[in-house]
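For reference, my_file18.cif is printed below; it contains mmCIF, N, CA and C atoms.
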```cif
data_model
loop_
_atom_site.label_atom_id
_atom_site.label_comp_id
_atom_site.auth_asym_id
_atom_site.auth_seq_id
_atom_site.Cartn_x
_atom_site.Cartn_y
_atom_site.Cartn_z
N MET F 15 -5.43 -27.33 0.38
CA MET F 15 -5.33 -25.94 0.78
C MET F 15 -4.19 -25.79 1.76
N ASN F 16 -3.54 -24.66 1.68
CA ASN F 16 -2.39 -24.40 2.52
C ASN F 16 -2.58 -23.04 3.20
N PRO F 17 -2.96 -23.04 4.49
CA PRO F 17 -3.19 -21.75 5.12
C PRO F 17 -1.88 -21.06 5.51
N GLN F 18 -1.90 -19.75 5.39
CA GLN F 18 -0.82 -18.91 5.88
C GLN F 18 -1.49 -17.84 6.73
N ALA F 19 -0.95 -17.62 7.94
CA ALA F 19 -1.61 -16.66 8.84
C ALA F 19 -0.56 -15.81 9.54
N TRP F 20 -0.98 -14.60 9.88
CA TRP F 20 -0.13 -13.64 10.56
C TRP F 20 -0.92 -12.87 11.61
N LEU F 21 -0.21 -12.41 12.62
CA LEU F 21 -0.70 -11.35 13.49
C LEU F 21 0.14 -10.14 13.15
N HIS F 22 -0.50 -9.09 12.67
CA HIS F 22 0.20 -7.86 12.34
C HIS F 22 0.12 -6.93 13.53
N GLU F 23 1.27 -6.50 14.03
CA GLU F 23 1.32 -5.53 15.12
C GLU F 23 1.10 -4.15 14.50
N LEU F 24 0.12 -3.43 15.04
CA LEU F 24 -0.27 -2.15 14.44
C LEU F 24 0.31 -0.98 15.21
N GLY F 25 0.66 0.05 14.46
CA GLY F 25 1.16 1.28 15.04
C GLY F 25 0.16 2.40 14.86
N ARG F 26 0.66 3.62 14.78
CA ARG F 26 -0.22 4.79 14.60
C ARG F 26 -1.04 4.65 13.33
N GLY F 27 -2.31 5.01 13.44
CA GLY F 27 -3.20 4.95 12.29
C GLY F 27 -3.45 3.52 11.82
N ASP F 28 -3.18 2.57 12.68
CA ASP F 28 -3.33 1.14 12.37
C ASP F 28 -2.46 0.68 11.21
N ALA F 29 -1.34 1.38 10.99
CA ALA F 29 -0.37 0.93 9.99
C ALA F 29 0.38 -0.28 10.55
N ILE F 30 0.73 -1.21 9.70
CA ILE F 30 1.45 -2.40 10.15
C ILE F 30 2.87 -2.01 10.54
N LYS F 31 3.18 -2.28 11.80
CA LYS F 31 4.50 -1.97 12.36
C LYS F 31 5.42 -3.19 12.24
N ARG F 32 4.85 -4.36 12.47
CA ARG F 32 5.61 -5.61 12.45
C ARG F 32 4.63 -6.75 12.18
N SER F 33 5.07 -7.76 11.43
CA SER F 33 4.23 -8.93 11.15
C SER F 33 4.82 -10.16 11.82
N HIS F 34 3.95 -10.92 12.46
CA HIS F 34 4.36 -12.14 13.14
C HIS F 34 3.68 -13.32 12.46
N PRO F 35 4.44 -14.16 11.73
CA PRO F 35 3.81 -15.32 11.10
C PRO F 35 3.41 -16.35 12.15
N ILE F 36 2.32 -17.03 11.91
CA ILE F 36 1.87 -18.11 12.78
C ILE F 36 2.38 -19.39 12.14
N GLU F 37 3.43 -19.97 12.74
CA GLU F 37 4.15 -21.06 12.10
C GLU F 37 4.03 -22.39 12.83
N LYS F 38 3.35 -22.40 13.96
CA LYS F 38 3.23 -23.63 14.73
C LYS F 38 1.76 -23.91 15.02
N MET F 39 1.45 -25.14 15.37
CA MET F 39 0.08 -25.52 15.70
C MET F 39 -0.39 -24.86 16.99
N VAL F 40 0.53 -24.62 17.91
CA VAL F 40 0.23 -23.90 19.15
C VAL F 40 1.32 -22.85 19.32
N CYS F 41 0.92 -21.59 19.45
CA CYS F 41 1.87 -20.47 19.59
C CYS F 41 1.55 -19.69 20.85
N SER F 42 2.59 -19.38 21.61
CA SER F 42 2.41 -18.51 22.78
C SER F 42 2.66 -17.07 22.36
N ILE F 43 1.92 -16.17 23.00
CA ILE F 43 2.05 -14.73 22.72
C ILE F 43 2.31 -14.03 24.04
N GLY F 44 3.35 -13.21 24.12
CA GLY F 44 3.63 -12.47 25.34
C GLY F 44 4.98 -11.78 25.29
N THR F 45 5.39 -11.28 26.43
CA THR F 45 6.66 -10.55 26.52
C THR F 45 7.84 -11.47 26.83
N ASP F 46 7.57 -12.69 27.25
CA ASP F 46 8.64 -13.62 27.59
C ASP F 46 9.53 -13.88 26.38
N ARG F 47 10.83 -13.99 26.62
CA ARG F 47 11.74 -14.19 25.49
C ARG F 47 11.55 -15.54 24.81
N HIS F 48 10.85 -16.46 25.45
CA HIS F 48 10.57 -17.77 24.86
C HIS F 48 9.22 -17.81 24.15
N SER F 49 8.49 -16.71 24.15
CA SER F 49 7.19 -16.68 23.46
C SER F 49 7.42 -16.83 21.96
N ASP F 50 6.50 -17.55 21.31
CA ASP F 50 6.59 -17.71 19.86
C ASP F 50 6.37 -16.37 19.16
N ILE F 51 5.43 -15.60 19.67
CA ILE F 51 5.19 -14.24 19.17
C ILE F 51 5.47 -13.31 20.33
N ARG F 52 6.62 -12.63 20.25
CA ARG F 52 7.07 -11.79 21.35
C ARG F 52 6.64 -10.35 21.13
N LEU F 53 5.96 -9.80 22.15
CA LEU F 53 5.46 -8.43 22.09
C LEU F 53 6.12 -7.59 23.16
N LYS F 54 6.13 -6.29 22.93
CA LYS F 54 6.60 -5.33 23.93
C LYS F 54 5.51 -4.30 24.09
N GLY F 55 5.07 -4.11 25.33
CA GLY F 55 4.05 -3.10 25.56
C GLY F 55 3.52 -3.17 26.99
N ARG F 56 2.98 -2.04 27.45
CA ARG F 56 2.38 -2.00 28.79
C ARG F 56 1.17 -2.90 28.83
N GLY F 57 1.04 -3.61 29.92
CA GLY F 57 -0.14 -4.43 30.12
C GLY F 57 -0.10 -5.78 29.41
N VAL F 58 1.03 -6.11 28.77
CA VAL F 58 1.16 -7.41 28.12
C VAL F 58 1.93 -8.33 29.07
N ALA F 59 1.33 -9.48 29.39
CA ALA F 59 1.94 -10.42 30.33
C ALA F 59 3.03 -11.24 29.64
N ALA F 60 3.84 -11.91 30.46
CA ALA F 60 4.90 -12.76 29.93
C ALA F 60 4.33 -13.80 28.96
N VAL F 61 3.27 -14.46 29.36
CA VAL F 61 2.51 -15.34 28.46
C VAL F 61 1.07 -14.86 28.56
N HIS F 62 0.66 -14.07 27.60
CA HIS F 62 -0.63 -13.39 27.66
C HIS F 62 -1.75 -14.23 27.02
N ALA F 63 -1.42 -14.88 25.89
CA ALA F 63 -2.43 -15.63 25.15
C ALA F 63 -1.76 -16.76 24.39
N GLN F 64 -2.61 -17.61 23.85
CA GLN F 64 -2.14 -18.75 23.08
C GLN F 64 -3.00 -18.89 21.83
N LEU F 65 -2.35 -19.21 20.72
CA LEU F 65 -3.05 -19.49 19.47
C LEU F 65 -3.03 -20.99 19.24
N ARG F 66 -4.15 -21.52 18.77
CA ARG F 66 -4.24 -22.94 18.42
C ARG F 66 -4.77 -23.04 16.99
N VAL F 67 -4.02 -23.74 16.17
CA VAL F 67 -4.44 -23.97 14.79
C VAL F 67 -5.19 -25.29 14.75
N GLY F 68 -6.42 -25.25 14.26
CA GLY F 68 -7.25 -26.45 14.17
C GLY F 68 -7.87 -26.60 12.81
N LYS F 69 -8.70 -27.61 12.66
CA LYS F 69 -9.35 -27.89 11.38
C LYS F 69 -10.26 -26.75 10.95
N ARG F 70 -10.90 -26.07 11.93
CA ARG F 70 -11.85 -25.01 11.60
C ARG F 70 -11.21 -23.64 11.48
N GLY F 71 -9.93 -23.53 11.81
CA GLY F 71 -9.26 -22.24 11.75
C GLY F 71 -8.31 -22.06 12.91
N ILE F 72 -8.16 -20.81 13.33
CA ILE F 72 -7.22 -20.48 14.40
C ILE F 72 -7.98 -19.84 15.54
N GLN F 73 -7.73 -20.34 16.73
CA GLN F 73 -8.39 -19.84 17.94
C GLN F 73 -7.36 -19.15 18.82
N ILE F 74 -7.78 -18.04 19.43
CA ILE F 74 -6.95 -17.36 20.41
C ILE F 74 -7.60 -17.52 21.77
N GLU F 75 -6.77 -17.70 22.78
CA GLU F 75 -7.28 -17.91 24.14
C GLU F 75 -6.39 -17.17 25.13
N ALA F 76 -7.01 -16.41 26.02
CA ALA F 76 -6.26 -15.72 27.08
C ALA F 76 -5.70 -16.77 28.04
N VAL F 77 -4.53 -16.50 28.58
CA VAL F 77 -3.88 -17.43 29.51
C VAL F 77 -3.95 -16.86 30.92
N ALA F 78 -4.30 -17.72 31.86
CA ALA F 78 -4.27 -17.39 33.29
C ALA F 78 -4.99 -16.08 33.64
N GLY F 79 -6.17 -15.90 33.08
CA GLY F 79 -6.97 -14.74 33.44
C GLY F 79 -6.54 -13.42 32.82
N GLU F 80 -5.63 -13.46 31.86
CA GLU F 80 -5.21 -12.22 31.20
C GLU F 80 -6.38 -11.69 30.37
N ARG F 81 -6.27 -10.45 29.96
CA ARG F 81 -7.37 -9.78 29.28
C ARG F 81 -7.12 -9.69 27.78
N LEU F 82 -8.11 -10.10 27.01
CA LEU F 82 -8.11 -9.94 25.55
C LEU F 82 -9.31 -9.10 25.17
N VAL F 83 -9.12 -8.17 24.27
CA VAL F 83 -10.22 -7.41 23.71
C VAL F 83 -10.15 -7.64 22.20
N ILE F 84 -11.22 -8.22 21.65
CA ILE F 84 -11.24 -8.55 20.23
C ILE F 84 -12.38 -7.77 19.59
N ASN F 85 -12.02 -6.94 18.64
CA ASN F 85 -12.98 -6.07 17.95
C ASN F 85 -13.79 -5.24 18.95
N GLY F 86 -13.10 -4.76 19.99
CA GLY F 86 -13.74 -3.88 20.98
C GLY F 86 -14.51 -4.60 22.07
N ARG F 87 -14.54 -5.93 22.07
CA ARG F 87 -15.29 -6.69 23.09
C ARG F 87 -14.35 -7.62 23.83
N ARG F 88 -14.52 -7.64 25.15
CA ARG F 88 -13.71 -8.53 25.98
C ARG F 88 -14.05 -9.98 25.65
N ALA F 89 -13.00 -10.81 25.61
CA ALA F 89 -13.20 -12.23 25.30
C ALA F 89 -12.11 -13.05 25.98
N ASP F 90 -12.48 -14.25 26.42
CA ASP F 90 -11.48 -15.18 26.96
C ASP F 90 -10.91 -16.04 25.85
N SER F 91 -11.73 -16.36 24.86
CA SER F 91 -11.27 -17.12 23.69
C SER F 91 -12.20 -16.82 22.52
N ARG F 92 -11.67 -17.10 21.33
CA ARG F 92 -12.48 -16.84 20.14
C ARG F 92 -11.81 -17.47 18.93
N ASP F 93 -12.64 -17.96 18.00
CA ASP F 93 -12.14 -18.38 16.69
C ASP F 93 -11.89 -17.10 15.90
N LEU F 94 -10.67 -16.92 15.44
CA LEU F 94 -10.32 -15.68 14.76
C LEU F 94 -10.87 -15.66 13.33
N GLN F 95 -11.30 -14.48 12.94
CA GLN F 95 -11.80 -14.23 11.59
C GLN F 95 -10.88 -13.22 10.92
N GLN F 96 -10.92 -13.21 9.61
CA GLN F 96 -10.10 -12.28 8.84
C GLN F 96 -10.28 -10.85 9.35
N ASN F 97 -9.18 -10.16 9.58
CA ASN F 97 -9.12 -8.76 10.00
C ASN F 97 -9.63 -8.50 11.42
N ASP F 98 -9.78 -9.53 12.25
CA ASP F 98 -10.09 -9.29 13.67
C ASP F 98 -8.98 -8.44 14.27
N VAL F 99 -9.35 -7.50 15.13
CA VAL F 99 -8.39 -6.66 15.84
C VAL F 99 -8.35 -7.10 17.29
N ILE F 100 -7.14 -7.40 17.77
CA ILE F 100 -6.94 -7.94 19.12
C ILE F 100 -6.10 -6.94 19.91
N ASP F 101 -6.62 -6.53 21.05
CA ASP F 101 -5.87 -5.65 21.94
C ASP F 101 -5.40 -6.45 23.14
N MET F 102 -4.09 -6.38 23.41
CA MET F 102 -3.47 -6.97 24.60
C MET F 102 -2.69 -5.86 25.26
N GLY F 103 -3.21 -5.35 26.36
CA GLY F 103 -2.56 -4.19 26.97
C GLY F 103 -2.49 -3.06 25.97
N SER F 104 -1.29 -2.49 25.79
CA SER F 104 -1.13 -1.36 24.86
C SER F 104 -0.83 -1.81 23.43
N VAL F 105 -0.80 -3.11 23.18
CA VAL F 105 -0.46 -3.63 21.85
C VAL F 105 -1.74 -3.98 21.10
N ARG F 106 -1.79 -3.53 19.85
CA ARG F 106 -2.94 -3.83 18.97
C ARG F 106 -2.43 -4.69 17.82
N LEU F 107 -3.16 -5.79 17.57
CA LEU F 107 -2.81 -6.73 16.51
C LEU F 107 -3.99 -6.91 15.57
N ARG F 108 -3.68 -7.22 14.31
CA ARG F 108 -4.74 -7.56 13.36
C ARG F 108 -4.42 -8.93 12.77
N PHE F 109 -5.44 -9.79 12.72
CA PHE F 109 -5.29 -11.15 12.22
C PHE F 109 -5.51 -11.19 10.72
N GLU F 110 -4.63 -11.90 10.03
CA GLU F 110 -4.79 -12.10 8.59
C GLU F 110 -4.51 -13.55 8.27
N MET F 111 -5.36 -14.13 7.43
CA MET F 111 -5.13 -15.50 6.97
C MET F 111 -5.42 -15.58 5.49
N ARG F 112 -4.52 -16.24 4.79
CA ARG F 112 -4.71 -16.50 3.36
C ARG F 112 -4.71 -18.00 3.18
N VAL F 113 -5.54 -18.47 2.29
CA VAL F 113 -5.57 -19.89 1.97
C VAL F 113 -5.16 -20.02 0.52
N ALA F 114 -4.02 -20.66 0.30
CA ALA F 114 -3.55 -20.89 -1.06
C ALA F 114 -4.24 -22.13 -1.58
N ARG F 115 -5.05 -21.95 -2.58
CA ARG F 115 -5.78 -23.08 -3.16
C ARG F 115 -4.95 -23.69 -4.28
N ARG F 116 -4.95 -25.00 -4.30
CA ARG F 116 -4.26 -25.70 -5.38
C ARG F 116 -5.07 -25.53 -6.65
N ARG F 117 -4.38 -25.19 -7.70
CA ARG F 117 -5.07 -25.04 -8.97
C ARG F 117 -5.35 -26.41 -9.56
N ALA F 118 -6.54 -26.56 -10.10
CA ALA F 118 -6.91 -27.82 -10.75
C ALA F 118 -6.10 -27.96 -12.03
N ALA F 119 -5.77 -29.18 -12.37
CA ALA F 119 -5.06 -29.42 -13.62
C ALA F 119 -5.95 -29.00 -14.77
N PRO F 120 -5.38 -28.33 -15.75
CA PRO F 120 -6.22 -27.89 -16.87
C PRO F 120 -6.74 -29.10 -17.65
N ALA F 121 -7.91 -28.94 -18.21
CA ALA F 121 -8.50 -30.00 -19.03
C ALA F 121 -7.63 -30.17 -20.27
N PRO F 122 -7.44 -31.42 -20.71
CA PRO F 122 -6.61 -31.62 -21.90
C PRO F 122 -7.24 -30.92 -23.11
N SER F 123 -6.39 -30.31 -23.90
CA SER F 123 -6.89 -29.64 -25.11
C SER F 123 -7.17 -30.68 -26.19
N ALA F 124 -7.81 -30.25 -27.23
CA ALA F 124 -8.11 -31.16 -28.35
C ALA F 124 -6.80 -31.68 -28.93
N ALA F 125 -5.78 -30.82 -29.02
CA ALA F 125 -4.48 -31.24 -29.56
C ALA F 125 -3.85 -32.31 -28.68
N THR F 126 -3.95 -32.15 -27.36
CA THR F 126 -3.41 -33.13 -26.44
C THR F 126 -4.15 -34.45 -26.59
N GLY F 127 -5.47 -34.39 -26.68
CA GLY F 127 -6.27 -35.60 -26.87
C GLY F 127 -5.91 -36.31 -28.17
N GLU F 128 -5.67 -35.54 -29.23
CA GLU F 128 -5.30 -36.11 -30.52
C GLU F 128 -3.92 -36.78 -30.44
N ARG F 129 -2.98 -36.15 -29.72
CA ARG F 129 -1.64 -36.75 -29.55
C ARG F 129 -1.74 -38.06 -28.78
N ILE F 130 -2.58 -38.09 -27.77
CA ILE F 130 -2.75 -39.32 -26.98
C ILE F 130 -3.33 -40.42 -27.86
N ARG F 131 -4.36 -40.10 -28.63
CA ARG F 131 -4.98 -41.10 -29.52
C ARG F 131 -3.97 -41.60 -30.54
N SER F 132 -3.19 -40.70 -31.12
CA SER F 132 -2.18 -41.07 -32.11
C SER F 132 -1.13 -41.99 -31.49
N THR F 133 -0.70 -41.69 -30.29
CA THR F 133 0.29 -42.51 -29.60
C THR F 133 -0.27 -43.90 -29.30
N LEU F 134 -1.50 -43.96 -28.84
CA LEU F 134 -2.13 -45.26 -28.55
C LEU F 134 -2.30 -46.09 -29.81
N GLU F 135 -2.67 -45.46 -30.93
CA GLU F 135 -2.81 -46.19 -32.20
C GLU F 135 -1.46 -46.74 -32.65
N ALA F 136 -0.40 -45.94 -32.50
CA ALA F 136 0.95 -46.41 -32.87
C ALA F 136 1.37 -47.57 -31.99
N LEU F 137 1.04 -47.51 -30.72
CA LEU F 137 1.36 -48.60 -29.79
C LEU F 137 0.59 -49.86 -30.17
N ALA F 138 -0.66 -49.72 -30.55
CA ALA F 138 -1.46 -50.87 -30.96
C ALA F 138 -0.88 -51.50 -32.23
N ARG F 139 -0.48 -50.68 -33.24
CA ARG F 139 0.14 -51.21 -34.47
C ARG F 139 1.44 -51.95 -34.14
N PHE F 140 2.26 -51.34 -33.27
CA PHE F 140 3.51 -51.97 -32.86
C PHE F 140 3.24 -53.33 -32.21
N SER F 141 2.24 -53.38 -31.33
CA SER F 141 1.90 -54.64 -30.65
C SER F 141 1.45 -55.69 -31.65
N GLU F 142 0.64 -55.28 -32.62
CA GLU F 142 0.17 -56.23 -33.65
C GLU F 142 1.34 -56.76 -34.48
N ASN F 143 2.25 -55.85 -34.84
CA ASN F 143 3.43 -56.27 -35.62
C ASN F 143 4.31 -57.21 -34.80
N LEU F 144 4.48 -56.89 -33.54
CA LEU F 144 5.29 -57.72 -32.66
C LEU F 144 4.68 -59.11 -32.52
N ALA F 145 3.37 -59.16 -32.31
CA ALA F 145 2.69 -60.44 -32.16
C ALA F 145 2.74 -61.25 -33.45
N GLY F 146 2.74 -60.59 -34.61
CA GLY F 146 2.80 -61.29 -35.89
C GLY F 146 4.19 -61.81 -36.20
N SER F 147 5.22 -61.20 -35.60
CA SER F 147 6.60 -61.57 -35.88
C SER F 147 7.09 -62.72 -35.01
N TYR F 148 6.50 -62.93 -33.90
CA TYR F 148 6.96 -63.92 -32.94
C TYR F 148 5.81 -64.82 -32.56
N GLU F 149 6.16 -66.00 -32.07
CA GLU F 149 5.15 -66.87 -31.49
C GLU F 149 4.72 -66.29 -30.15
N ILE F 150 3.43 -66.18 -29.93
CA ILE F 150 2.91 -65.60 -28.69
C ILE F 150 3.46 -66.33 -27.48
N ASP F 151 3.49 -67.65 -27.51
CA ASP F 151 3.98 -68.44 -26.37
C ASP F 151 5.42 -68.09 -26.03
N ASP F 152 6.24 -67.83 -27.06
CA ASP F 152 7.64 -67.47 -26.82
C ASP F 152 7.73 -66.08 -26.14
N LEU F 153 6.84 -65.17 -26.53
CA LEU F 153 6.85 -63.82 -25.94
C LEU F 153 6.43 -63.85 -24.47
N LEU F 154 5.53 -64.77 -24.11
CA LEU F 154 5.00 -64.81 -22.76
C LEU F 154 5.87 -65.57 -21.77
N GLU F 155 6.89 -66.25 -22.24
CA GLU F 155 7.76 -67.01 -21.32
C GLU F 155 8.62 -66.13 -20.50
#
```

Render the structure in this file as structure tokens.
Amino acid sequence: MNPQAWLHELGRGDAIKRSHPIEKMVCSIGTDRHSDIRLKGRGVAAVHAQLRVGKRGIQIEAVAGERLVINGRRADSRDLQQNDVIDMGSVRLRFEMRVARRRAAPAPSAATGERIRSTLEALARFSENLAGSYEIDDLLE
């Protein structure tokens, strides 16, 4: 499985204004120019929160006592779920994650199975002919 995740910055009517891909195992979020996800808005700190990608998913955590509101409830940290809404100051974000599943190899068709059997039979005949044409000991040297 290959996860892809984003924080979508929302505008009026919760329309997506900007999308921020989550591309690192640990991402900083804030107004600082060195933040992995850089936001602009009142009440957003230079480093407001941090995202951590783990085996169970993606966790968001407030940094240094900053305030996070997730789905209308104050939180210091939380494992993010699909479509969670995160408020940081005047900025509203929505979490999205897609998991690309690897498709299983298709089962061989009857025609494929028949081709394999035919090829193996031809290989067996060739081997028998080869063994009949030469001394086995000479072939194995």

Please identify every residue of range 58-83 of chain F that has at least one atom no farther than 8 Å from an atom of range 88-108 of chain F, counting only C-alpha atoms, and for each give the shortest atom pair and the distance in Å to one decimal, arranged by chain then increasing number, as a tab-separated table.
```
residue	atom	partner	partner_atom	distance
F:Val58	CA	F:Gly103	CA	5.1
F:His62	CA	F:Met102	CA	7.7
F:Gly71	CA	F:Asp93	CA	6.9
F:Ile72	CA	F:Leu94	CA	5.7
F:Gln73	CA	F:Asp93	CA	4.2
F:Ile74	CA	F:Ser91	CA	5.4
F:Glu75	CA	F:Ser91	CA	4.1
F:Ala76	CA	F:Asp90	CA	5.2
F:Gly79	CA	F:Asp90	CA	7.9
F:Arg81	CA	F:Met102	CA	6.7
F:Leu82	CA	F:Ala89	CA	5.6
F:Val83	CA	F:Arg88	CA	4.3
```

Evaluate the PyMOL selection byres (((chain F and resi 39-42 and name CA) around 8) and name CA) here and jot the selected residues down as an mmCIF file with N, CA and C atoms, in the frame of the given file.
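Result went into expr34.cif, see below:
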```cif
data_model
loop_
_atom_site.group_PDB
_atom_site.id
_atom_site.type_symbol
_atom_site.label_atom_id
_atom_site.label_comp_id
_atom_site.auth_asym_id
_atom_site.auth_seq_id
_atom_site.Cartn_x
_atom_site.Cartn_y
_atom_site.Cartn_z
ATOM 1 N N ILE F 36 2.320 -17.030 11.910
ATOM 2 C CA ILE F 36 1.870 -18.110 12.780
ATOM 3 C C ILE F 36 2.380 -19.390 12.140
ATOM 4 N N GLU F 37 3.430 -19.970 12.740
ATOM 5 C CA GLU F 37 4.150 -21.060 12.100
ATOM 6 C C GLU F 37 4.030 -22.390 12.830
ATOM 7 N N LYS F 38 3.350 -22.400 13.960
ATOM 8 C CA LYS F 38 3.230 -23.630 14.730
ATOM 9 C C LYS F 38 1.760 -23.910 15.020
ATOM 10 N N ILE F 43 1.920 -16.170 23.000
ATOM 11 C CA ILE F 43 2.050 -14.730 22.720
ATOM 12 C C ILE F 43 2.310 -14.030 24.040
ATOM 13 N N GLY F 44 3.350 -13.210 24.120
ATOM 14 C CA GLY F 44 3.630 -12.470 25.340
ATOM 15 C C GLY F 44 4.980 -11.780 25.290
ATOM 16 N N SER F 49 8.490 -16.710 24.150
ATOM 17 C CA SER F 49 7.190 -16.680 23.460
ATOM 18 C C SER F 49 7.420 -16.830 21.960
ATOM 19 N N ASP F 50 6.500 -17.550 21.310
ATOM 20 C CA ASP F 50 6.590 -17.710 19.860
ATOM 21 C C ASP F 50 6.370 -16.370 19.160
ATOM 22 N N ILE F 51 5.430 -15.600 19.670
ATOM 23 C CA ILE F 51 5.190 -14.240 19.170
ATOM 24 C C ILE F 51 5.470 -13.310 20.330
ATOM 25 N N VAL F 61 3.270 -14.460 29.360
ATOM 26 C CA VAL F 61 2.510 -15.340 28.460
ATOM 27 C C VAL F 61 1.070 -14.860 28.560
ATOM 28 N N HIS F 62 0.660 -14.070 27.600
ATOM 29 C CA HIS F 62 -0.630 -13.390 27.660
ATOM 30 C C HIS F 62 -1.750 -14.230 27.020
ATOM 31 N N ALA F 63 -1.420 -14.880 25.890
ATOM 32 C CA ALA F 63 -2.430 -15.630 25.150
ATOM 33 C C ALA F 63 -1.760 -16.760 24.390
ATOM 34 N N GLN F 64 -2.610 -17.610 23.850
ATOM 35 C CA GLN F 64 -2.140 -18.750 23.080
ATOM 36 C C GLN F 64 -3.000 -18.890 21.830
ATOM 37 N N LEU F 65 -2.350 -19.210 20.720
ATOM 38 C CA LEU F 65 -3.050 -19.490 19.470
ATOM 39 C C LEU F 65 -3.030 -20.990 19.240
ATOM 40 N N ARG F 66 -4.150 -21.520 18.770
ATOM 41 C CA ARG F 66 -4.240 -22.940 18.420
ATOM 42 C C ARG F 66 -4.770 -23.040 16.990
ATOM 43 N N VAL F 67 -4.020 -23.740 16.170
ATOM 44 C CA VAL F 67 -4.440 -23.970 14.790
ATOM 45 C C VAL F 67 -5.190 -25.290 14.750
ATOM 46 N N GLY F 68 -6.420 -25.250 14.260
ATOM 47 C CA GLY F 68 -7.250 -26.450 14.170
ATOM 48 C C GLY F 68 -7.870 -26.600 12.810
#
```

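Closest approach to Met111 in chain F among F:Arg52, F:Lys69, F:Arg87, F:His22: F:His22, based on only C-alpha atoms.
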
As JSON, what would the box around range 43-60 of chain F look like: edges along x, y and z, 5 Å added on every side, centre and edge lengths in Å to one decimal?
```
{"center_x": 5.8, "center_y": -9.9, "center_z": 24.8, "size_x": 21.9, "size_y": 25.8, "size_z": 21.3}
```

- [ ] Would you mind writing down, as number ranges by chain, each residue of chain F that DSSP on the backbone assigns to strand (DSSP E or B)?
- [x] F: 16-24, 30-35, 40-44, 51-52, 63-68, 71-76, 82-84, 87-89, 91-93, 99-102, 105-114
